[in-house]
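Structure below is structure29.cif: mmCIF, C-alpha atoms.
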data_coords
loop_
_atom_site.label_atom_id
_atom_site.label_comp_id
_atom_site.auth_asym_id
_atom_site.auth_seq_id
_atom_site.Cartn_x
_atom_site.Cartn_y
_atom_site.Cartn_z
CA MET A 287 91.03 -39.44 -47.13
CA ASP A 288 89.81 -36.02 -48.08
CA PHE A 289 86.83 -37.58 -49.88
CA ASN A 290 85.74 -39.40 -46.76
CA SER A 291 85.98 -36.24 -44.72
CA ASN A 292 83.85 -34.35 -47.23
CA GLU A 293 81.32 -37.16 -47.23
CA GLU A 294 81.12 -37.12 -43.46
CA ASP A 295 80.63 -33.33 -43.50
CA THR A 296 77.81 -33.73 -46.01
CA VAL A 297 76.13 -36.42 -43.90
CA ASP A 298 76.45 -34.21 -40.80
CA GLN A 299 74.85 -31.29 -42.62
CA GLU A 300 71.99 -33.47 -43.82
CA MET A 301 71.40 -34.77 -40.31
CA ASP A 302 71.43 -31.21 -38.96
CA PHE A 303 68.92 -30.17 -41.62
CA GLU A 304 66.61 -33.08 -40.76
CA ASP A 305 66.86 -32.24 -37.07
CA GLY A 306 65.86 -28.65 -37.85
CA VAL A 307 62.89 -29.79 -39.89
CA GLN A 308 61.83 -32.14 -37.12
CA SER A 309 62.14 -29.36 -34.55
CA MET A 310 60.03 -27.01 -36.70
CA ALA A 311 57.44 -29.71 -37.19
CA SER A 312 57.31 -30.47 -33.51
CA THR A 313 56.68 -26.84 -32.53
CA PRO A 314 52.88 -26.88 -33.14
CA ARG A 315 52.60 -30.04 -31.13
CA LYS A 316 54.27 -28.32 -28.21
CA ARG A 317 51.77 -25.41 -28.48
CA ARG A 318 48.86 -27.78 -28.54
CA SER A 319 50.17 -29.43 -25.40
CA ARG A 320 50.24 -26.02 -23.72
CA ALA A 321 46.60 -25.52 -24.59
CA THR A 322 45.75 -28.73 -22.74
CA ALA A 323 47.95 -27.88 -19.79
CA SER A 324 45.05 -26.40 -17.88
CA ASN A 325 43.04 -29.61 -18.36
CA ASP A 326 45.93 -31.64 -17.05
CA LEU A 327 46.23 -29.27 -14.11
CA GLU A 328 42.52 -29.59 -13.40
CA THR A 329 42.84 -33.37 -13.57
CA SER A 330 45.70 -33.27 -11.11
CA HIS A 331 43.62 -31.09 -8.75
CA ASN A 332 40.80 -33.61 -8.86
CA ILE A 333 43.13 -36.10 -7.24
CA ILE A 334 43.46 -33.80 -4.20
CA ALA A 335 40.39 -33.54 -1.97
CA ASP A 336 38.90 -30.02 -2.23
CA THR A 337 38.13 -28.16 0.97
CA MET A 338 34.86 -26.38 1.60
CA PHE A 339 36.57 -23.09 0.80
CA ASP A 340 37.71 -24.39 -2.59
CA ALA A 341 34.22 -25.62 -3.34
CA PHE A 342 32.76 -22.20 -2.44
CA PHE A 343 35.07 -20.26 -4.75
CA VAL A 344 34.63 -22.78 -7.59
CA GLN A 345 30.86 -22.44 -7.29
CA ALA A 346 31.03 -18.65 -7.02
CA SER A 347 33.22 -18.37 -10.12
CA ARG A 348 30.61 -19.99 -12.33
CA SER A 349 28.30 -17.67 -14.21
CA SER A 350 24.67 -17.82 -13.13
CA ARG A 351 22.10 -18.65 -15.78
CA THR A 352 18.60 -17.30 -15.36
CA SER A 353 15.78 -18.56 -17.49
CA ASP A 354 13.67 -16.13 -19.50
CA HIS A 355 10.57 -18.25 -18.91
CA VAL A 356 9.05 -16.19 -16.09
CA PHE A 357 5.73 -17.33 -14.69
CA SER A 358 4.14 -13.91 -15.07
CA HIS A 359 5.11 -13.92 -18.78
CA LEU A 360 3.91 -17.43 -19.49
CA VAL A 361 0.54 -17.23 -17.70
CA GLU A 362 -1.75 -14.22 -17.81
CA PRO A 363 -2.89 -13.20 -14.30
CA LEU A 364 -6.53 -13.73 -13.43
CA SER A 365 -8.82 -10.82 -12.83
CA ALA A 366 -10.56 -10.41 -9.48
CA GLU A 367 -13.83 -11.77 -10.86
CA GLU A 368 -12.15 -14.79 -12.49
CA TYR A 369 -10.28 -15.58 -9.29
CA VAL A 370 -13.39 -15.46 -7.11
CA SER A 371 -15.43 -17.59 -9.52
CA ALA A 372 -12.62 -20.18 -9.81
CA ILE A 373 -12.31 -20.48 -6.05
CA ALA A 374 -16.07 -20.76 -5.64
CA SER A 375 -16.32 -23.55 -8.21
CA LEU A 376 -13.39 -25.37 -6.61
CA GLN A 377 -15.03 -25.30 -3.21
CA LYS A 378 -18.23 -26.71 -4.64
CA ASP A 379 -16.54 -29.57 -6.47
CA LYS A 380 -14.01 -30.52 -3.79
CA CYS A 381 -15.01 -31.80 -0.38
CA ASP A 382 -12.66 -30.20 2.14
CA PRO A 383 -12.21 -32.32 5.31
CA GLY A 384 -11.85 -29.10 7.35
CA THR A 385 -15.17 -27.68 6.22
CA ARG A 386 -17.07 -29.07 9.19
CA TYR A 387 -14.62 -27.43 11.62
CA THR A 388 -14.91 -24.11 9.79
CA SER A 389 -18.69 -24.22 9.81
CA ARG A 390 -18.69 -25.17 13.50
CA LEU A 391 -16.52 -22.17 14.38
CA SER A 392 -18.65 -19.84 12.25
CA SER A 393 -21.78 -20.94 14.06
CA GLN A 394 -20.20 -20.36 17.49
CA HIS A 395 -18.89 -16.82 17.00
CA PRO A 396 -22.32 -15.06 16.88
CA ASP A 397 -22.95 -16.27 20.43
CA TYR A 398 -20.33 -13.75 21.64
CA PHE A 399 -21.75 -10.72 19.85
CA SER A 400 -23.56 -9.55 22.99
CA GLN A 401 -20.28 -9.73 24.94
CA TYR A 402 -18.49 -7.69 22.30
CA LEU A 403 -21.19 -5.02 22.39
CA ARG A 404 -21.02 -4.81 26.17
CA GLU A 405 -17.24 -4.34 26.07
CA LEU A 406 -17.54 -1.64 23.41
CA ASP A 407 -20.17 0.17 25.49
CA GLU A 408 -17.83 0.09 28.51
CA GLY A 409 -15.22 2.16 26.67
CA PHE A 410 -12.99 -0.49 25.11
CA ASN A 411 -12.04 -1.15 21.50
CA ILE A 412 -11.59 -4.72 20.27
CA LEU A 413 -8.84 -6.33 18.20
CA PHE A 414 -9.66 -9.74 16.73
CA PHE A 415 -6.77 -12.08 15.95
CA GLY A 416 -6.51 -15.75 15.01
CA PHE A 417 -6.10 -18.06 12.03
CA GLY A 418 -8.34 -17.53 9.05
CA SER A 419 -10.28 -14.72 7.47
CA LYS A 420 -12.41 -12.77 9.92
CA ARG A 421 -14.19 -10.69 7.32
CA ASP A 422 -17.47 -12.62 7.19
CA VAL A 423 -17.82 -12.78 10.99
CA LEU A 424 -17.16 -9.06 11.44
CA ASN A 425 -19.60 -8.19 8.67
CA ARG A 426 -22.26 -10.26 10.42
CA PHE A 427 -21.39 -8.51 13.67
CA ALA A 428 -21.83 -5.14 11.96
CA VAL A 429 -25.15 -6.02 10.35
CA ASP A 430 -26.80 -8.16 13.06
CA ALA A 431 -25.63 -6.32 16.19
CA CYS A 432 -24.03 -2.91 15.61
CA SER A 433 -26.52 -1.54 13.07
CA LYS A 434 -29.33 -1.85 15.64
CA ARG A 435 -27.53 0.43 18.09
CA GLY A 436 -25.97 3.18 15.97
CA HIS A 437 -24.24 4.21 12.76
CA VAL A 438 -21.94 1.63 11.16
CA VAL A 439 -18.98 2.18 8.84
CA VAL A 440 -17.12 -0.87 7.48
CA VAL A 441 -13.56 -0.27 6.25
CA ASN A 442 -11.83 -2.71 3.88
CA ALA A 443 -8.25 -1.67 4.57
CA PHE A 444 -6.85 -4.67 2.70
CA GLN A 445 -7.80 -3.14 -0.64
CA PRO A 446 -4.73 -1.98 -2.62
CA SER A 447 -6.25 1.41 -3.43
CA PHE A 448 -7.39 2.11 0.14
CA THR A 449 -6.24 5.37 1.78
CA LEU A 450 -6.81 7.08 5.11
CA LYS A 451 -9.06 9.65 3.46
CA ASP A 452 -11.49 6.85 2.55
CA ILE A 453 -12.25 6.32 6.25
CA LEU A 454 -12.90 10.00 6.89
CA ALA A 455 -14.95 10.38 3.70
CA SER A 456 -17.15 7.41 4.66
CA ILE A 457 -17.78 8.80 8.15
CA GLU A 458 -18.43 12.32 6.86
CA SER A 459 -21.07 10.92 4.50
CA ILE A 460 -23.28 10.44 7.56
CA ALA A 461 -25.83 13.24 7.68
CA GLY A 462 -24.88 16.11 9.96
CA VAL A 463 -21.17 15.45 10.36
CA THR A 464 -20.00 18.06 7.87
CA SER A 465 -22.24 20.70 9.44
CA SER A 466 -20.05 20.79 12.53
CA HIS A 467 -17.18 23.24 12.95
CA LEU A 468 -13.91 22.21 11.30
CA PRO A 469 -10.97 23.15 13.58
CA SER A 470 -8.38 22.96 10.76
CA GLN A 471 -7.96 21.73 7.21
CA THR A 472 -5.81 18.78 8.30
CA ILE A 473 -6.46 15.08 8.83
CA ASP A 474 -6.41 15.60 12.59
CA GLY A 475 -8.86 18.47 12.20
CA GLN A 476 -11.31 16.24 10.38
CA SER A 477 -10.89 13.57 13.04
CA ARG A 478 -11.60 16.07 15.83
CA ARG A 479 -14.70 17.30 14.02
CA ILE A 480 -16.00 13.73 13.76
CA CYS A 481 -15.35 13.15 17.48
CA ASP A 482 -17.04 16.41 18.43
CA TYR A 483 -20.13 15.58 16.40
CA PHE A 484 -20.69 12.09 17.82
CA SER A 485 -19.81 13.20 21.35
CA SER A 486 -22.23 16.13 21.52
CA LYS A 487 -24.70 16.31 18.64
CA SER A 488 -25.35 12.72 17.61
CA LYS A 489 -27.74 10.63 19.68
CA ARG A 490 -26.40 7.39 18.26
CA PRO A 491 -22.78 6.17 18.54
CA LEU A 492 -20.57 5.23 15.63
CA TYR A 493 -19.40 1.65 15.19
CA LEU A 494 -16.25 1.52 13.08
CA ILE A 495 -15.44 -1.96 11.72
CA ILE A 496 -11.93 -2.12 10.22
CA HIS A 497 -10.75 -5.18 8.31
CA ASN A 498 -6.95 -5.54 8.65
CA ILE A 499 -6.03 -2.46 10.62
CA GLU A 500 -2.36 -3.34 10.09
CA ALA A 501 -2.62 -2.58 6.35
CA PRO A 502 0.36 -0.61 4.93
CA SER A 503 -1.77 2.49 4.41
CA LEU A 504 -2.65 2.57 8.14
CA ARG A 505 0.88 2.02 9.47
CA THR A 506 2.11 5.56 8.81
CA ALA A 507 2.47 8.08 11.61
CA LYS A 508 -0.29 10.23 10.13
CA ALA A 509 -2.73 7.30 9.95
CA ARG A 510 -1.95 6.14 13.49
CA SER A 511 -2.43 9.69 14.78
CA CYS A 512 -5.84 9.88 13.15
CA LEU A 513 -6.90 6.45 14.42
CA SER A 514 -5.77 7.27 17.96
CA ILE A 515 -8.15 10.26 17.96
CA LEU A 516 -11.06 8.20 16.68
CA CYS A 517 -10.35 5.30 19.05
CA GLY A 518 -10.06 7.69 22.00
CA CYS A 519 -13.53 9.12 21.47
CA PRO A 520 -16.14 7.56 23.83
CA ALA A 521 -18.90 7.85 21.21
CA ILE A 522 -16.89 5.88 18.61
CA ARG A 523 -16.54 2.10 19.08
CA VAL A 524 -13.85 0.40 17.00
CA ALA A 525 -13.68 -3.32 16.21
CA ALA A 526 -10.76 -4.32 13.99
CA SER A 527 -9.14 -7.49 12.72
CA VAL A 528 -5.43 -8.26 12.43
CA ASP A 529 -3.49 -11.03 10.68
CA HIS A 530 0.16 -9.99 10.99
CA ILE A 531 2.10 -11.57 13.83
CA ASN A 532 3.97 -8.34 14.66
CA VAL A 533 0.89 -6.15 15.01
CA PRO A 534 1.49 -5.37 18.73
CA LEU A 535 4.67 -3.52 17.72
CA LEU A 536 2.59 -0.82 16.03
CA TRP A 537 1.55 0.71 19.34
CA SER A 538 3.29 1.25 22.64
CA SER A 539 1.92 -0.26 25.81
CA THR A 540 0.71 3.17 26.91
CA GLU A 541 -1.20 3.75 23.69
CA SER A 542 -2.77 0.29 23.77
CA SER A 543 -3.98 0.57 27.37
CA THR A 544 -5.09 4.23 27.45
CA ARG A 545 -8.79 4.40 28.30
CA LYS A 546 -11.30 6.72 26.67
CA HIS A 547 -12.17 10.06 28.27
CA ALA A 548 -14.84 12.59 27.44
CA SER A 549 -13.37 15.62 25.67
CA SER A 550 -13.69 18.99 27.36
CA SER A 551 -12.54 22.51 26.48
CA GLY A 552 -11.35 21.39 23.06
CA VAL A 553 -8.83 18.88 24.41
CA THR A 554 -8.32 15.87 22.17
CA HIS A 555 -7.64 12.57 23.91
CA ARG A 556 -5.64 9.90 22.15
CA GLY A 557 -5.52 6.21 22.90
CA TYR A 558 -6.72 2.82 21.71
CA ALA A 559 -7.96 0.93 24.80
CA TRP A 560 -7.53 -2.41 23.04
CA LEU A 561 -9.06 -5.68 24.16
CA TRP A 562 -7.77 -8.75 22.34
CA HIS A 563 -10.12 -11.57 21.31
CA ASP A 564 -9.33 -14.80 19.53
CA LEU A 565 -11.51 -15.06 16.41
CA THR A 566 -10.09 -18.13 14.73
CA THR A 567 -12.23 -19.15 11.76
CA LEU A 568 -9.85 -21.32 9.64
CA ALA A 569 -11.53 -19.71 6.62
CA ALA A 570 -9.48 -18.97 3.52
CA HIS A 571 -8.57 -15.36 2.66
CA ASP A 572 -10.08 -15.73 -0.80
CA PHE A 573 -11.69 -12.31 -1.00
CA GLU A 574 -8.69 -10.49 0.46
CA LEU A 575 -6.22 -12.22 -1.87
CA SER A 576 -8.39 -11.72 -4.93
CA LEU A 577 -7.49 -8.01 -4.86
CA SER A 578 -3.72 -8.53 -4.64
CA ASN A 579 -1.24 -8.64 -7.50
CA ARG A 580 -1.07 -12.35 -8.31
CA SER A 581 1.66 -11.88 -10.95
CA SER A 582 4.12 -10.91 -8.19
CA ILE A 583 5.79 -13.62 -6.15
CA THR A 584 5.84 -11.40 -3.05
CA GLY A 585 2.14 -10.61 -3.43
CA ALA A 586 2.73 -6.89 -3.15
CA SER A 587 -0.49 -4.99 -3.62
CA SER A 588 0.49 -1.34 -3.79
CA PHE A 589 3.78 -1.29 -5.65
CA THR A 590 5.60 -4.12 -7.27
CA SER A 591 9.16 -4.80 -6.23
CA SER A 592 10.52 -3.72 -9.60
CA SER A 593 8.68 -0.39 -9.47
CA SER A 594 9.95 0.29 -5.96
CA VAL A 595 13.50 -0.38 -7.12
CA ARG A 596 13.03 2.00 -10.03
CA LEU A 597 11.55 4.53 -7.62
CA GLN A 598 14.63 4.44 -5.41
CA GLN A 599 16.88 4.83 -8.43
CA ASP A 600 14.86 7.76 -9.76
CA GLN A 601 15.11 9.66 -6.50
CA LEU A 602 18.61 10.74 -7.58
CA THR A 603 19.50 12.54 -10.78
CA ASN A 604 23.02 11.68 -11.88
CA GLY A 605 23.76 10.68 -8.29
CA VAL A 606 22.68 14.07 -6.85
CA ALA A 607 19.34 14.81 -5.19
CA MET A 608 17.15 17.47 -6.78
CA THR A 609 17.78 20.90 -5.24
CA GLU A 610 16.09 24.27 -5.46
CA THR A 611 18.89 25.71 -7.62
CA ALA A 612 18.86 22.75 -9.99
CA ALA A 613 15.09 23.06 -10.40
CA GLN A 614 15.39 26.75 -11.27
CA HIS A 615 18.05 26.02 -13.90
CA VAL A 616 15.83 23.38 -15.52
CA LEU A 617 12.78 25.65 -15.52
CA ALA A 618 14.78 28.50 -17.06
CA SER A 619 15.59 26.34 -20.10
CA VAL A 620 12.07 25.08 -20.91
CA THR A 621 9.19 26.67 -22.77
CA GLU A 622 6.48 28.83 -21.25
CA LYS A 623 3.91 26.05 -21.48
CA ALA A 624 6.25 23.68 -19.66
CA GLN A 625 6.66 26.26 -16.91
CA LYS A 626 2.88 26.57 -16.62
CA LEU A 627 2.60 22.79 -16.39
CA PHE A 628 5.18 22.65 -13.61
CA THR A 629 3.38 25.41 -11.74
CA LEU A 630 0.13 23.46 -12.05
CA ILE A 631 1.68 20.23 -10.68
CA ALA A 632 3.43 22.11 -7.87
CA THR A 633 0.27 23.98 -6.85
CA MET A 634 -1.78 20.79 -6.62
CA GLN A 635 0.97 19.01 -4.69
CA LEU A 636 1.31 21.90 -2.21
CA LYS A 637 -2.46 21.87 -1.72
CA ALA A 638 -2.37 18.14 -0.91
CA ILE A 639 0.47 18.70 1.59
CA ASP A 640 -1.43 21.53 3.28
CA GLU A 641 -4.54 19.37 3.62
CA ALA A 642 -2.49 16.62 5.25
CA GLY A 643 -0.94 19.07 7.70
CA ASP A 644 2.37 17.19 7.81
CA ALA A 645 5.92 18.12 6.86
CA PRO A 646 6.98 15.09 4.81
CA THR A 647 10.51 14.27 3.79
CA THR A 648 11.57 13.87 0.18
CA ALA A 649 11.08 10.08 0.40
CA ASP A 650 7.47 10.51 1.63
CA LEU A 651 6.30 12.85 -1.13
CA GLN A 652 4.84 10.06 -3.22
CA GLN A 653 1.76 9.94 -0.97
CA PHE A 654 0.87 13.39 -2.37
CA ALA A 655 1.35 12.28 -5.97
CA LEU A 656 -1.07 13.41 -8.65
CA SER A 657 -2.70 10.91 -10.96
CA TYR A 658 -1.97 11.32 -14.65
CA ASP A 659 -5.65 11.41 -15.59
CA THR A 660 -6.33 14.26 -13.15
CA LEU A 661 -3.34 16.19 -14.45
CA PHE A 662 -4.40 15.70 -18.06
CA ASN A 663 -7.94 16.97 -17.41
CA THR A 664 -6.70 19.99 -15.48
CA ALA A 665 -4.03 20.82 -18.07
CA ARG A 666 -6.63 20.58 -20.85
CA ASP A 667 -9.00 22.90 -18.98
CA ASN A 668 -6.19 25.44 -18.59
CA PHE A 669 -5.21 25.14 -22.29
CA ILE A 670 -1.71 23.89 -21.42
CA ALA A 671 -1.95 20.59 -23.30
CA THR A 672 -4.94 19.60 -25.41
CA ASN A 673 -3.94 15.97 -26.04
CA ASP A 674 -1.94 13.15 -24.50
CA THR A 675 1.00 13.53 -26.89
CA ALA A 676 1.50 17.20 -26.03
CA LEU A 677 1.32 16.54 -22.29
CA ARG A 678 3.85 13.72 -22.38
CA SER A 679 6.15 15.85 -24.51
CA LEU A 680 6.13 18.57 -21.86
CA LEU A 681 6.65 16.05 -19.07
CA GLY A 682 9.56 14.42 -20.90
CA GLU A 683 11.92 17.33 -20.21
CA PHE A 684 11.13 17.26 -16.51
CA ARG A 685 11.51 13.48 -16.29
CA ASP A 686 14.89 13.51 -18.01
CA HIS A 687 16.24 15.91 -15.38
CA GLY A 688 14.49 14.22 -12.43
CA LEU A 689 12.32 17.26 -11.71
CA VAL A 690 9.14 15.17 -11.99
CA LEU A 691 9.03 11.54 -10.90
CA SER A 692 6.45 8.95 -11.82
CA SER A 693 5.41 5.51 -10.71
CA THR A 694 2.71 2.99 -11.53
CA VAL A 695 0.22 2.04 -8.84
CA GLY A 696 -0.99 -1.55 -9.07
CA GLY A 697 -4.34 -3.06 -8.16
CA PRO A 698 -7.86 -1.85 -8.92
CA GLY A 699 -8.08 1.85 -9.61
CA GLY A 700 -4.34 2.05 -10.18
CA GLY A 701 -2.51 4.02 -12.80
CA GLU A 702 0.38 6.39 -13.32
CA VAL A 703 1.06 9.01 -10.65
CA LEU A 704 3.46 11.97 -10.77
CA TRP A 705 5.06 14.18 -8.14
CA ILE A 706 7.90 16.67 -7.66
CA PRO A 707 10.76 15.48 -5.38
CA LEU A 708 11.05 18.76 -3.47
CA ARG A 709 9.95 19.48 0.07
CA LYS A 710 7.20 21.99 0.76
CA GLU A 711 9.46 24.94 1.61
CA ARG A 712 11.74 24.51 -1.41
CA LEU A 713 8.86 23.86 -3.78
CA SER A 714 7.08 27.00 -2.59
CA LYS A 715 10.20 29.09 -3.25
CA VAL A 716 10.57 27.64 -6.74
CA VAL A 717 6.94 28.39 -7.61
CA GLU A 718 7.20 31.91 -6.18
CA ALA A 719 10.36 32.61 -8.19
CA LEU A 720 8.70 31.21 -11.32
CA GLN A 721 5.63 33.40 -10.92
CA THR A 722 7.58 36.59 -10.21
CA SER A 723 10.06 36.13 -13.07
CA PRO A 724 9.38 38.30 -16.16
#
As structure tokens, the full file:
Amino acid sequence: MDFNSNEEDTVDQEMDFEDGVQSMASTPRKRRSRATASNDLETSHNIIADTMFDAFFVQASRSSRTSDHVFSHLVEPLSAEEYVSAIASLQKDKCDPGTRYTSRLSSQHPDYFSQYLRELDEGFNILFFGFGSKRDVLNRFAVDACSKRGHVVVVNAFQPSFTLKDILASIESIAGVTSSHLPSQTIDGQSRRICDYFSSKSKRPLYLIIHNIEAPSLRTAKARSCLSILCGCPAIRVAASVDHINVPLLWSSTESSTRKHASSSGVTHRGYAWLWHDLTTLAAHDFELSLSNRSSITGASSFTSSSSVRLQQDQLTNGVAMTETAAQHVLASVTEKAQKLFTLIATMQLKAIDEAGDAPTTADLQQFALSYDTLFNTARDNFIATNDTALRSLLGEFRDHGLVLSSTVGGPGGGEVLWIPLRKERLSKVVEALQTSP
């Protein structure tokens, strides 16, 4: 009896041992099933119809994958000459069904040149709108009609490197303009001198032909102020083209309808006196687009989108805008040559601001930027930096602290430009303190 009880105890112990081994062996299987629990849960969710909110969050939770194969990296952009030649060869080889309509319109527009001249002589300025490039028609109008009556200046405002000073420089190249009295060293002063010359001394009027007057360089307050003076002069006749649909928003109704008046006792009259004419040509903007940045999707001509983003980020140094005190601390820790270089940049920037006659904000100081090539030549003449390596070494300290900002200008004639992000008053105080310090 005792033997049987011992045997049963032994069997029970063996069964308990086997159960323990089985439980230990089954533990990994239970862990593996936990790993697949999420898949089972996802499968169960697929049975339920997802709402639009669920679909939105599922889509938003996925990581976005952007390809490194960018078009601008895979294909080298064409130069202006290559683009023009490619378009010309394409037009010769391909018969465009709209060519006959384009040629018909081009042959009809010269019939209205006499009407345009009569309206200009009556004291109006003309804005040409419509589909297609108006460059060829306006150039013909300038050569065939306007040049027989007076001086002609053609302005290609669609060029990326175009500035307001290009207009004034082209007009002042006419003999006798610069001999007149200059009221002030500002843009408005130059404009008033031009108006005074053609109103009193010149026997022939000035015909100003502007291609794309809505160009970014002519949208600023300073440019519109200068153009309003020129357009308000009776001896200056302006004919301009526009392509942007929101061009009328550039001027108020009063500015657009103000008629020209003869200036007296030094009073400057402002106004545009616009007349709108439809100049639809259906011609392609091949020449205008050949000067743009074709490697950019947005087609930006002056600054690429990436450079403008970097520019906005560089306006702040460690999250704080550059101040007069911060600039003085930086200048106190640099070498004497670096201080001379900063004084040189500041002096040239202050001179450009004085010539403009405006009080720009910190965000508008880039228009008074100094090109790197000009700075290098001036610094070499003043024995501050004799080579490119020395100049960039001196500029590196200022760039690291945000005291000098730089950007790359695209398009023909572009390059690196530099400026100091301090307003005129603060920059003048910094330069004065730097010059008076022992």
Applied to the shown file, which residues does the PyMOL selection byres ((chain A and resi 614-616) around 10) return, written as a list in words?
->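 Evaluating the PyMOL selection byres ((chain A and resi 614-616) around 10) on this file yields Thr609, Glu610, Thr611, Ala612, Ala613, Leu617, Ala618, Ser619, Val620, Gln625, Glu683, Phe684, His687, Gly688, Leu689, Lys715, Val716, Val717, Ala719 and Leu720 of chain A.
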Ref. answer, residues at most 12 Å from (-1.7, 21.9, -24.2) with all atoms listed in the file, as a ChimeraX atom specification = /A:621-627,661-681
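Among the candidates A:Ser576, A:Gln401, A:Ser542, A:Ser714, the one nearest to Ile631 (chain A) when counting only C-alpha atoms is A:Ser714.
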Just give me the gap between CA of Asp529 (chain A) and CA of Thr567 (chain A) in Å, one decimal is fine.
->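 Answer for the CA of Asp529 (chain A) to CA of Thr567 (chain A) separation: 12.0 Å.
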Run through the PyMOL selection byres ((chain A and resi 692) around 9) on the given coordinates and return the selected residues as number ranges by chain.
-> A: 597, 600, 652, 655, 685, 690-691, 693-694, 702-706
By how many Å are CA of Leu568 (chain A) and CA of Asp430 (chain A) apart?
->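 It comes out at 21.7 Å.
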Please provide the set of residues having any atom within 12 Å of Gln394 (chain A), restricted to all atoms listed in the file, with same-chain residues fewer than 6 positions apart removed, written as a PyMOL selection string.
-> chain A and resi 387-388+423+565-567
Surrounding residues of region 500-506 of chain A excluding itself and chain neighbours under 2 positions, 9 Å, only C-alpha atoms, as an NGL selection string | :A and (443-446 or 448-450 or 497-498 or 508-511 or 513 or 527-530 or 533 or 536 or 588)
Provide the CA of Asn442 (chain A) to CA of Arg478 (chain A) distance in Å, to one decimal place.
-> 22.3 Å
Contacts of Leu494 (chain A) at 12 Å (all atoms listed in the file; same-chain gap of 4+ positions) as number ranges by chain = A: 406, 411-413, 424-425, 427-429, 432-433, 436-442, 453-454, 456-457, 499, 513, 516-517, 519, 521-527
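When only C-alpha atoms are used to measure the gap to Gly682 (chain A), the shortest distance among A:Phe628, A:Phe410, A:Arg426, A:Thr633 belongs to A:Phe628.
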